[in-house]
file entry-v4.cif (mmCIF, C-alpha atoms)
data_final
loop_
_atom_site.label_atom_id
_atom_site.label_comp_id
_atom_site.auth_asym_id
_atom_site.auth_seq_id
_atom_site.Cartn_x
_atom_site.Cartn_y
_atom_site.Cartn_z
CA LEU A 25 -13.35 -11.61 -52.14
CA GLY A 26 -15.64 -12.52 -49.24
CA LEU A 27 -15.17 -10.76 -45.91
CA THR A 28 -12.29 -8.35 -46.55
CA LEU A 29 -9.92 -6.28 -44.43
CA MET A 30 -9.28 -3.35 -46.76
CA HIS A 31 -6.27 -1.66 -45.20
CA GLU A 32 -3.70 -3.63 -43.22
CA HIS A 33 0.08 -3.91 -42.87
CA VAL A 34 2.05 -7.07 -42.13
CA LEU A 35 5.36 -5.22 -42.07
CA VAL A 36 6.24 -1.53 -42.45
CA ASP A 37 9.63 0.20 -42.24
CA PHE A 38 9.50 3.98 -41.77
CA VAL A 39 13.25 4.54 -42.13
CA GLY A 40 12.92 6.37 -45.46
CA ALA A 41 13.39 5.53 -49.13
CA ASP A 42 17.09 6.42 -49.05
CA LYS A 43 17.88 3.94 -46.26
CA ILE A 44 15.47 1.04 -46.67
CA ALA A 45 16.91 -2.36 -47.55
CA PRO A 46 15.73 -5.99 -47.24
CA GLY A 47 18.43 -6.79 -44.69
CA ARG A 48 16.91 -4.44 -42.11
CA TYR A 49 14.56 -7.19 -40.90
CA ASP A 50 14.45 -10.98 -40.64
CA PRO A 51 11.77 -12.42 -42.96
CA GLU A 52 11.53 -15.56 -40.83
CA GLU A 53 10.84 -13.54 -37.70
CA ALA A 54 8.27 -11.43 -39.56
CA PHE A 55 6.58 -14.59 -40.82
CA GLY A 56 6.45 -16.09 -37.33
CA VAL A 57 5.09 -12.92 -35.73
CA ALA A 58 2.39 -12.29 -38.35
CA LEU A 59 1.23 -15.87 -38.90
CA PRO A 60 -0.89 -16.42 -35.74
CA HIS A 61 -2.74 -13.15 -36.27
CA LEU A 62 -3.56 -14.01 -39.88
CA GLU A 63 -4.61 -17.51 -38.90
CA ARG A 64 -6.93 -16.03 -36.29
CA ILE A 65 -8.68 -13.66 -38.69
CA ARG A 66 -9.06 -16.55 -41.14
CA GLN A 67 -10.79 -18.53 -38.38
CA LEU A 68 -13.08 -15.55 -37.74
CA GLY A 69 -14.24 -15.58 -41.36
CA CYS A 70 -11.90 -13.16 -43.12
CA ARG A 71 -11.15 -14.27 -46.66
CA THR A 72 -9.24 -11.34 -48.21
CA PHE A 73 -6.49 -9.21 -46.66
CA VAL A 74 -5.39 -6.04 -48.49
CA GLU A 75 -1.79 -5.35 -47.46
CA CYS A 76 -1.29 -1.68 -48.28
CA THR A 77 2.48 -1.30 -47.83
CA PRO A 78 3.95 0.28 -50.98
CA ALA A 79 7.47 0.06 -52.34
CA TYR A 80 10.19 1.75 -50.25
CA LEU A 81 8.09 1.35 -47.10
CA GLY A 82 8.74 -2.33 -46.44
CA ARG A 83 6.75 -4.07 -49.18
CA ASP A 84 7.70 -7.76 -49.30
CA PRO A 85 5.68 -9.77 -51.84
CA ARG A 86 7.51 -13.03 -51.08
CA LEU A 87 6.65 -12.78 -47.38
CA LEU A 88 3.00 -12.12 -48.25
CA GLU A 89 2.97 -15.06 -50.67
CA ARG A 90 4.23 -17.40 -47.93
CA LEU A 91 1.63 -16.13 -45.48
CA ALA A 92 -1.15 -16.49 -48.05
CA ARG A 93 -0.20 -20.08 -48.85
CA LYS A 94 0.07 -20.99 -45.16
CA THR A 95 -3.20 -19.40 -44.05
CA GLY A 96 -5.43 -19.75 -47.10
CA LEU A 97 -6.07 -16.00 -47.12
CA LEU A 98 -6.15 -14.07 -50.37
CA ILE A 99 -3.53 -11.38 -49.66
CA LEU A 100 -3.26 -8.44 -52.05
CA THR A 101 -0.07 -6.43 -52.36
CA THR A 102 0.42 -3.03 -53.95
CA THR A 103 2.19 -0.95 -56.51
CA GLY A 104 2.69 2.79 -56.03
CA TYR A 105 4.67 5.21 -53.86
CA TYR A 106 3.72 6.77 -50.53
CA GLY A 107 3.87 10.51 -51.14
CA ALA A 108 2.90 11.86 -47.72
CA ALA A 109 5.41 12.93 -45.02
CA GLY A 110 7.18 15.40 -47.30
CA GLY A 111 8.25 12.74 -49.77
CA LYS A 112 10.46 10.88 -47.29
CA PHE A 113 9.28 7.52 -48.66
CA VAL A 114 9.49 8.40 -52.36
CA PRO A 115 12.58 7.08 -54.19
CA ALA A 116 15.07 9.61 -55.53
CA GLN A 117 14.31 8.91 -59.19
CA ALA A 118 10.63 9.75 -58.77
CA TRP A 119 11.44 13.31 -57.74
CA THR A 120 12.58 14.09 -61.27
CA GLN A 121 10.43 11.70 -63.32
CA THR A 122 7.29 12.76 -65.12
CA ALA A 123 3.93 11.30 -64.16
CA GLU A 124 4.13 9.19 -67.31
CA GLN A 125 7.51 7.77 -66.31
CA VAL A 126 6.34 6.93 -62.79
CA ALA A 127 3.19 5.35 -64.17
CA ALA A 128 5.22 3.27 -66.61
CA HIS A 129 7.03 1.62 -63.69
CA TRP A 130 3.79 0.89 -61.84
CA ILE A 131 2.17 -0.45 -65.01
CA ALA A 132 5.17 -2.74 -65.56
CA GLU A 133 4.77 -4.13 -62.03
CA SER A 134 1.10 -4.72 -62.70
CA SER A 135 1.66 -6.56 -65.95
CA GLY A 136 4.94 -8.37 -65.28
CA GLY A 137 5.19 -8.69 -61.52
CA ILE A 138 7.09 -6.96 -58.74
CA GLU A 139 10.91 -7.03 -58.68
CA GLY A 140 11.24 -10.30 -60.56
CA THR A 141 8.88 -12.23 -58.28
CA GLY A 142 6.08 -12.65 -60.80
CA ILE A 143 3.69 -11.45 -58.07
CA ARG A 144 1.36 -8.80 -59.41
CA PRO A 145 -0.26 -6.06 -57.32
CA GLY A 146 -3.99 -6.09 -56.63
CA ILE A 147 -4.29 -2.40 -55.75
CA LEU A 148 -2.36 0.87 -56.16
CA LYS A 149 -1.31 2.71 -52.99
CA THR A 150 -0.20 6.30 -52.83
CA GLY A 151 -0.32 9.03 -50.21
CA VAL A 152 -0.76 12.76 -49.73
CA ASN A 153 -1.09 14.91 -46.63
CA ARG A 154 -2.89 18.20 -46.97
CA ALA A 155 -4.28 20.57 -49.56
CA PRO A 156 -2.98 22.25 -51.54
CA LEU A 157 -1.06 19.22 -52.77
CA SER A 158 2.67 19.58 -53.26
CA GLU A 159 3.94 19.32 -56.81
CA LEU A 160 5.32 15.86 -56.06
CA ASP A 161 2.10 14.60 -54.51
CA ALA A 162 -0.01 15.96 -57.37
CA ARG A 163 2.32 14.26 -59.86
CA LEU A 164 2.00 10.93 -58.02
CA VAL A 165 -1.79 11.22 -58.09
CA ARG A 166 -1.66 11.88 -61.82
CA ALA A 167 0.63 8.86 -62.24
CA ALA A 168 -1.92 6.82 -60.29
CA ALA A 169 -4.63 8.00 -62.69
CA LEU A 170 -2.56 6.96 -65.71
CA THR A 171 -1.84 3.60 -64.10
CA HIS A 172 -5.51 3.01 -63.38
CA LYS A 173 -6.42 3.70 -67.00
CA ALA A 174 -3.84 1.18 -68.18
CA THR A 175 -4.44 -1.53 -65.58
CA GLY A 176 -7.81 -1.03 -63.89
CA LEU A 177 -6.17 -1.03 -60.45
CA THR A 178 -8.15 0.77 -57.76
CA ILE A 179 -6.30 3.74 -56.23
CA ALA A 180 -6.07 3.70 -52.42
CA SER A 181 -4.66 7.02 -51.24
CA HIS A 182 -3.51 7.75 -47.69
CA THR A 183 -5.04 11.21 -47.39
CA GLY A 184 -4.77 13.59 -44.48
CA THR A 185 -7.75 15.89 -45.07
CA GLY A 186 -11.02 16.05 -46.95
CA ALA A 187 -9.80 19.05 -48.93
CA ALA A 188 -6.87 16.96 -50.17
CA ALA A 189 -9.23 14.14 -51.14
CA LEU A 190 -11.31 16.56 -53.20
CA GLU A 191 -8.18 17.89 -54.89
CA GLU A 192 -7.14 14.33 -55.75
CA LEU A 193 -10.55 13.68 -57.25
CA GLU A 194 -10.17 16.77 -59.45
CA ILE A 195 -6.86 15.43 -60.79
CA LEU A 196 -8.43 12.03 -61.49
CA LYS A 197 -11.38 13.70 -63.21
CA SER A 198 -9.02 15.72 -65.43
CA GLU A 199 -7.44 12.44 -66.54
CA GLY A 200 -10.79 10.78 -67.23
CA VAL A 201 -10.72 8.45 -64.22
CA PRO A 202 -14.10 7.80 -62.53
CA ALA A 203 -14.44 8.66 -58.86
CA ASP A 204 -15.31 5.09 -57.91
CA ALA A 205 -11.73 4.09 -58.77
CA PHE A 206 -10.56 6.11 -55.73
CA ILE A 207 -10.48 5.23 -52.01
CA TRP A 208 -9.97 8.02 -49.47
CA VAL A 209 -7.87 6.12 -46.93
CA HIS A 210 -7.94 7.08 -43.23
CA ALA A 211 -11.01 9.28 -43.71
CA GLN A 212 -11.71 9.04 -39.98
CA ASN A 213 -8.91 11.55 -39.40
CA GLU A 214 -11.01 14.32 -41.00
CA LYS A 215 -13.24 15.70 -38.24
CA ASP A 216 -15.54 17.72 -40.52
CA SER A 217 -18.08 15.15 -41.68
CA GLN A 218 -19.25 17.41 -44.51
CA PHE A 219 -16.11 16.38 -46.39
CA HIS A 220 -17.11 12.73 -46.04
CA PHE A 221 -20.49 13.47 -47.61
CA ARG A 222 -18.96 15.61 -50.38
CA VAL A 223 -16.42 12.94 -51.37
CA ALA A 224 -19.08 10.22 -51.22
CA ALA A 225 -21.40 12.35 -53.35
CA ARG A 226 -18.71 12.41 -56.03
CA GLY A 227 -18.94 8.62 -56.13
CA ALA A 228 -15.63 7.84 -54.41
CA TRP A 229 -15.06 5.38 -51.57
CA VAL A 230 -14.69 6.84 -48.05
CA GLU A 231 -12.68 4.45 -45.89
CA PHE A 232 -12.88 4.50 -42.09
CA ASP A 233 -10.06 2.12 -41.20
CA GLY A 234 -8.52 3.33 -37.93
#
call {"tool": "encode", "arguments": {"input": "entry-v4.cif", "output": "structure tokens"}}
result
Amino acid sequence: LGLTLMHEHVLVDFVGADKIAPGRYDPEEAFGVALPHLERIRQLGCRTFVECTPAYLGRDPRLLERLARKTGLLILTTTGYYGAAGGKFVPAQAWTQTAEQVAAHWIAESSGGIEGTGIRPGILKTGVNRAPLSELDARLVRAAALTHKATGLTIASHTGTGAAALEELEILKSEGVPADAFIWVHAQNEKDSQFHFRVAARGAWVEFDG
């Protein structure tokens, strides 16, 4: 991978899963705006760029493919749903699906490509806010565990607090997923450093990315 930026976004749309659509932005404009920044980090020695925008939040694998080919960067895209913010960015079907059904969709993207593009994700992105986890968030974490076991994808979870990260790790443990398959994203937002040490002691990754 070389020098890697582990948590970046080329394009994000926070309008919500019920309103998001490709026509809300111009891919050519997005390409033109992002390109010089990606070229600059490539010049500075970056080799891999992990683009952590999940489905229903503005994920655009074709745009990332174009940018990767133009810049020479290895750009990774994601599978998964962003479960924080009260589920605003989770598609309607996932509210009633089982963890196994959600995982089946993510596994299919991993094996066959995203939305007919043939582009496969390099990481799984999900999100929770605080502990105790909501039923939906806990189910998405379990789906992430099932997906990891089937695909090997690392789980990067936007996580609001250390207590929530520990709860996620308990769910992963119950499904037989090792802690080092988990990244606590945005760990800098937790002000109590004891949580950072506790999560690290479990063997998980603690990501300071802000």
call {"tool": "resolve_selection", "arguments": {"input": "entry-v4.cif", "expression": "the PyMOL selection byres ((chain A and resi 111-114) around 12)", "output": "ChimeraX atom specification"}}
result
/A:36-44,77-83,104-110,115-121,126,150-153,157-164
call {"tool": "closest_atom_pairs", "arguments": {"input": "entry-v4.cif", "of": "range 142-218 of chain A", "to": "range 224-233 of chain A", "cutoff": "8 Å", "atoms": "all atoms listed in the file", "output": "CSV"}}
result
residue,atom,partner,partner_atom,distance
A:Ala203,CA,A:Ala228,CA,4.7
A:Asp204,CA,A:Ala228,CA,4.5
A:Ala205,CA,A:Ala228,CA,6.9
A:Phe206,CA,A:Ala228,CA,5.5
A:Ile207,CA,A:Trp229,CA,4.6
A:Trp208,CA,A:Val230,CA,5.1
A:Val209,CA,A:Glu231,CA,5.2
A:His210,CA,A:Phe232,CA,5.7
A:Ala211,CA,A:Phe232,CA,5.4
A:Gln212,CA,A:Phe232,CA,5.1
call {"tool": "closest_residue", "arguments": {"input": "entry-v4.cif", "among": "A:His172, A:Glu191, A:Glu139, A:Thr28", "to": "Cys70 in chain A", "atoms": "all atoms listed in the file"}}
result
A:Thr28
call {"tool": "closest_residue", "arguments": {"input": "entry-v4.cif", "among": "A:Gly96, A:Gly69, A:Gly186, A:Gly234", "to": "Gly26 in chain A", "atoms": "all atoms listed in the file"}}
result
A:Gly69
call {"tool": "closest_residue", "arguments": {"input": "entry-v4.cif", "among": "A:Thr103, A:Ile147, A:Leu87, A:Glu199", "to": "Ala132 in chain A", "atoms": "only C-alpha atoms"}}
result
A:Thr103
call {"tool": "atom_distance", "arguments": {"input": "entry-v4.cif", "atom1": "CA of Leu91 in chain A", "atom2": "CA of Asp50 in chain A"}}
result
14.6 Å
call {"tool": "resolve_selection", "arguments": {"input": "entry-v4.cif", "expression": "the PyMOL selection byres ((chain A and resi 200) around 12)", "output": "PDB file with C-alpha atoms, in the frame of the given file"}}
result
ATOM      1  CA  ARG A 166      -1.660  11.880 -61.820  1.00  0.00           C
ATOM      2  CA  ALA A 168      -1.920   6.820 -60.290  1.00  0.00           C
ATOM      3  CA  ALA A 169      -4.630   8.000 -62.690  1.00  0.00           C
ATOM      4  CA  LEU A 170      -2.560   6.960 -65.710  1.00  0.00           C
ATOM      5  CA  THR A 171      -1.840   3.600 -64.100  1.00  0.00           C
ATOM      6  CA  HIS A 172      -5.510   3.010 -63.380  1.00  0.00           C
ATOM      7  CA  LYS A 173      -6.420   3.700 -67.000  1.00  0.00           C
ATOM      8  CA  ALA A 174      -3.840   1.180 -68.180  1.00  0.00           C
ATOM      9  CA  LEU A 193     -10.550  13.680 -57.250  1.00  0.00           C
ATOM     10  CA  GLU A 194     -10.170  16.770 -59.450  1.00  0.00           C
ATOM     11  CA  ILE A 195      -6.860  15.430 -60.790  1.00  0.00           C
ATOM     12  CA  LEU A 196      -8.430  12.030 -61.490  1.00  0.00           C
ATOM     13  CA  LYS A 197     -11.380  13.700 -63.210  1.00  0.00           C
ATOM     14  CA  SER A 198      -9.020  15.720 -65.430  1.00  0.00           C
ATOM     15  CA  GLU A 199      -7.440  12.440 -66.540  1.00  0.00           C
ATOM     16  CA  VAL A 201     -10.720   8.450 -64.220  1.00  0.00           C
ATOM     17  CA  PRO A 202     -14.100   7.800 -62.530  1.00  0.00           C
ATOM     18  CA  ALA A 203     -14.440   8.660 -58.860  1.00  0.00           C
ATOM     19  CA  ASP A 204     -15.310   5.090 -57.910  1.00  0.00           C
ATOM     20  CA  ALA A 205     -11.730   4.090 -58.770  1.00  0.00           C
TER      21      ALA A 205
END
call {"tool": "atom_distance", "arguments": {"input": "entry-v4.cif", "atom1": "CA of Leu35 in chain A", "atom2": "CA of Thr185 in chain A"}}
result
25.0 Å
call {"tool": "atom_distance", "arguments": {"input": "entry-v4.cif", "atom1": "CA of Leu59 in chain A", "atom2": "CA of Thr72 in chain A"}}
result
14.7 Å
call {"tool": "residues_around", "arguments": {"input": "entry-v4.cif", "residues": "Val74 in chain A", "least_positions_apart": "2", "cutoff": "7 Å", "atoms": "all atoms listed in the file", "output": "NGL selection string"}}
result
:A and (29-32 or 72 or 76 or 99-101)
call {"tool": "residues_around", "arguments": {"input": "entry-v4.cif", "residues": "Ser135 in chain A", "least_positions_apart": "5", "cutoff": "12 Å", "atoms": "only C-alpha atoms", "output": "list in words"}}
result
Thr103, Ala128, His129, Trp130, Gly140, Thr141, Gly142, Ile143, Arg144, Pro145, Gly146, Thr171, Ala174, Thr175, Gly176 and Leu177 of chain A
call {"tool": "residues_near_point", "arguments": {"input": "entry-v4.cif", "point": "(4.6, -16.6, -39.4)", "cutoff": "12 Å", "atoms": "only C-alpha atoms", "output": "list of chain:residue names"}}
result
A:Val34, A:Leu35, A:Asp50, A:Pro51, A:Glu52, A:Glu53, A:Ala54, A:Phe55, A:Gly56, A:Val57, A:Ala58, A:Leu59, A:Pro60, A:His61, A:Leu62, A:Glu63, A:Arg64, A:Leu87, A:Leu88, A:Glu89, A:Arg90, A:Leu91, A:Ala92, A:Arg93, A:Lys94, A:Thr95
call {"tool": "closest_residue", "arguments": {"input": "entry-v4.cif", "among": "A:Gln67, A:Asn213, A:Thr183, A:Gln125", "to": "Pro156 in chain A", "atoms": "all atoms listed in the file"}}
result
A:Thr183
call {"tool": "build_atoms", "arguments": {"input": "entry-v4.cif", "residues": "range 173-206 of chain A", "atoms": "N, CA and C atoms", "output": "short mmCIF file (atom, residue, chain, number, x, y, z; two decimals), keeping the file's coordinate frame"}}
result
data_model
loop_
_atom_site.label_atom_id
_atom_site.label_comp_id
_atom_site.auth_asym_id
_atom_site.auth_seq_id
_atom_site.Cartn_x
_atom_site.Cartn_y
_atom_site.Cartn_z
N LYS A 173 -5.88 3.80 -65.64
CA LYS A 173 -6.42 3.70 -67.00
C LYS A 173 -5.79 2.56 -67.78
N ALA A 174 -4.54 2.25 -67.46
CA ALA A 174 -3.84 1.18 -68.18
C ALA A 174 -4.08 -0.20 -67.56
N THR A 175 -4.40 -0.24 -66.27
CA THR A 175 -4.44 -1.53 -65.58
C THR A 175 -5.79 -1.85 -64.92
N GLY A 176 -6.57 -0.82 -64.62
CA GLY A 176 -7.81 -1.03 -63.89
C GLY A 176 -7.64 -1.09 -62.39
N LEU A 177 -6.40 -0.96 -61.88
CA LEU A 177 -6.17 -1.03 -60.45
C LEU A 177 -6.88 0.11 -59.72
N THR A 178 -7.55 -0.24 -58.63
CA THR A 178 -8.15 0.77 -57.76
C THR A 178 -7.04 1.55 -57.06
N ILE A 179 -7.28 2.85 -56.85
CA ILE A 179 -6.30 3.74 -56.23
C ILE A 179 -6.69 3.94 -54.77
N ALA A 180 -5.87 3.47 -53.85
CA ALA A 180 -6.07 3.70 -52.42
C ALA A 180 -5.07 4.75 -51.99
N SER A 181 -5.56 5.92 -51.56
CA SER A 181 -4.66 7.02 -51.24
C SER A 181 -4.76 7.41 -49.77
N HIS A 182 -3.65 7.20 -49.04
CA HIS A 182 -3.51 7.75 -47.69
C HIS A 182 -3.67 9.26 -47.81
N THR A 183 -4.70 9.81 -47.19
CA THR A 183 -5.04 11.21 -47.39
C THR A 183 -5.35 11.87 -46.06
N GLY A 184 -4.66 12.98 -45.77
CA GLY A 184 -4.77 13.59 -44.48
C GLY A 184 -6.03 14.39 -44.23
N THR A 185 -6.59 15.01 -45.26
CA THR A 185 -7.75 15.89 -45.07
C THR A 185 -8.76 15.69 -46.20
N GLY A 186 -9.99 16.11 -45.93
CA GLY A 186 -11.02 16.05 -46.95
C GLY A 186 -10.72 16.97 -48.12
N ALA A 187 -10.14 18.13 -47.84
CA ALA A 187 -9.80 19.05 -48.93
C ALA A 187 -8.79 18.41 -49.87
N ALA A 188 -7.84 17.65 -49.32
CA ALA A 188 -6.87 16.96 -50.17
C ALA A 188 -7.54 15.87 -50.99
N ALA A 189 -8.51 15.16 -50.39
CA ALA A 189 -9.23 14.14 -51.14
C ALA A 189 -9.98 14.75 -52.32
N LEU A 190 -10.60 15.89 -52.11
CA LEU A 190 -11.31 16.56 -53.20
C LEU A 190 -10.35 17.01 -54.29
N GLU A 191 -9.17 17.48 -53.90
CA GLU A 191 -8.18 17.89 -54.89
C GLU A 191 -7.70 16.68 -55.70
N GLU A 192 -7.51 15.55 -55.03
CA GLU A 192 -7.14 14.33 -55.75
C GLU A 192 -8.21 13.94 -56.77
N LEU A 193 -9.45 14.04 -56.35
CA LEU A 193 -10.55 13.68 -57.25
C LEU A 193 -10.58 14.59 -58.47
N GLU A 194 -10.22 15.86 -58.31
CA GLU A 194 -10.17 16.77 -59.45
C GLU A 194 -9.09 16.34 -60.44
N ILE A 195 -7.93 15.91 -59.91
CA ILE A 195 -6.86 15.43 -60.79
C ILE A 195 -7.32 14.19 -61.55
N LEU A 196 -7.94 13.25 -60.84
CA LEU A 196 -8.43 12.03 -61.49
C LEU A 196 -9.46 12.38 -62.56
N LYS A 197 -10.35 13.30 -62.24
CA LYS A 197 -11.38 13.70 -63.21
C LYS A 197 -10.74 14.29 -64.46
N SER A 198 -9.69 15.10 -64.28
CA SER A 198 -9.02 15.72 -65.43
C SER A 198 -8.36 14.69 -66.33
N GLU A 199 -8.04 13.51 -65.76
CA GLU A 199 -7.44 12.44 -66.54
C GLU A 199 -8.47 11.41 -67.02
N GLY A 200 -9.74 11.68 -66.76
CA GLY A 200 -10.79 10.78 -67.23
C GLY A 200 -10.97 9.53 -66.39
N VAL A 201 -10.58 9.60 -65.11
CA VAL A 201 -10.72 8.45 -64.22
C VAL A 201 -11.98 8.64 -63.37
N PRO A 202 -12.87 7.66 -63.33
CA PRO A 202 -14.10 7.80 -62.53
C PRO A 202 -13.80 7.82 -61.04
N ALA A 203 -14.66 8.50 -60.30
CA ALA A 203 -14.44 8.66 -58.86
C ALA A 203 -14.46 7.33 -58.13
N ASP A 204 -15.22 6.36 -58.64
CA ASP A 204 -15.31 5.09 -57.91
C ASP A 204 -14.05 4.24 -58.03
N ALA A 205 -13.04 4.75 -58.73
CA ALA A 205 -11.73 4.09 -58.77
C ALA A 205 -10.84 4.56 -57.63
N PHE A 206 -11.37 5.44 -56.76
CA PHE A 206 -10.56 6.11 -55.73
C PHE A 206 -11.08 5.78 -54.34
#
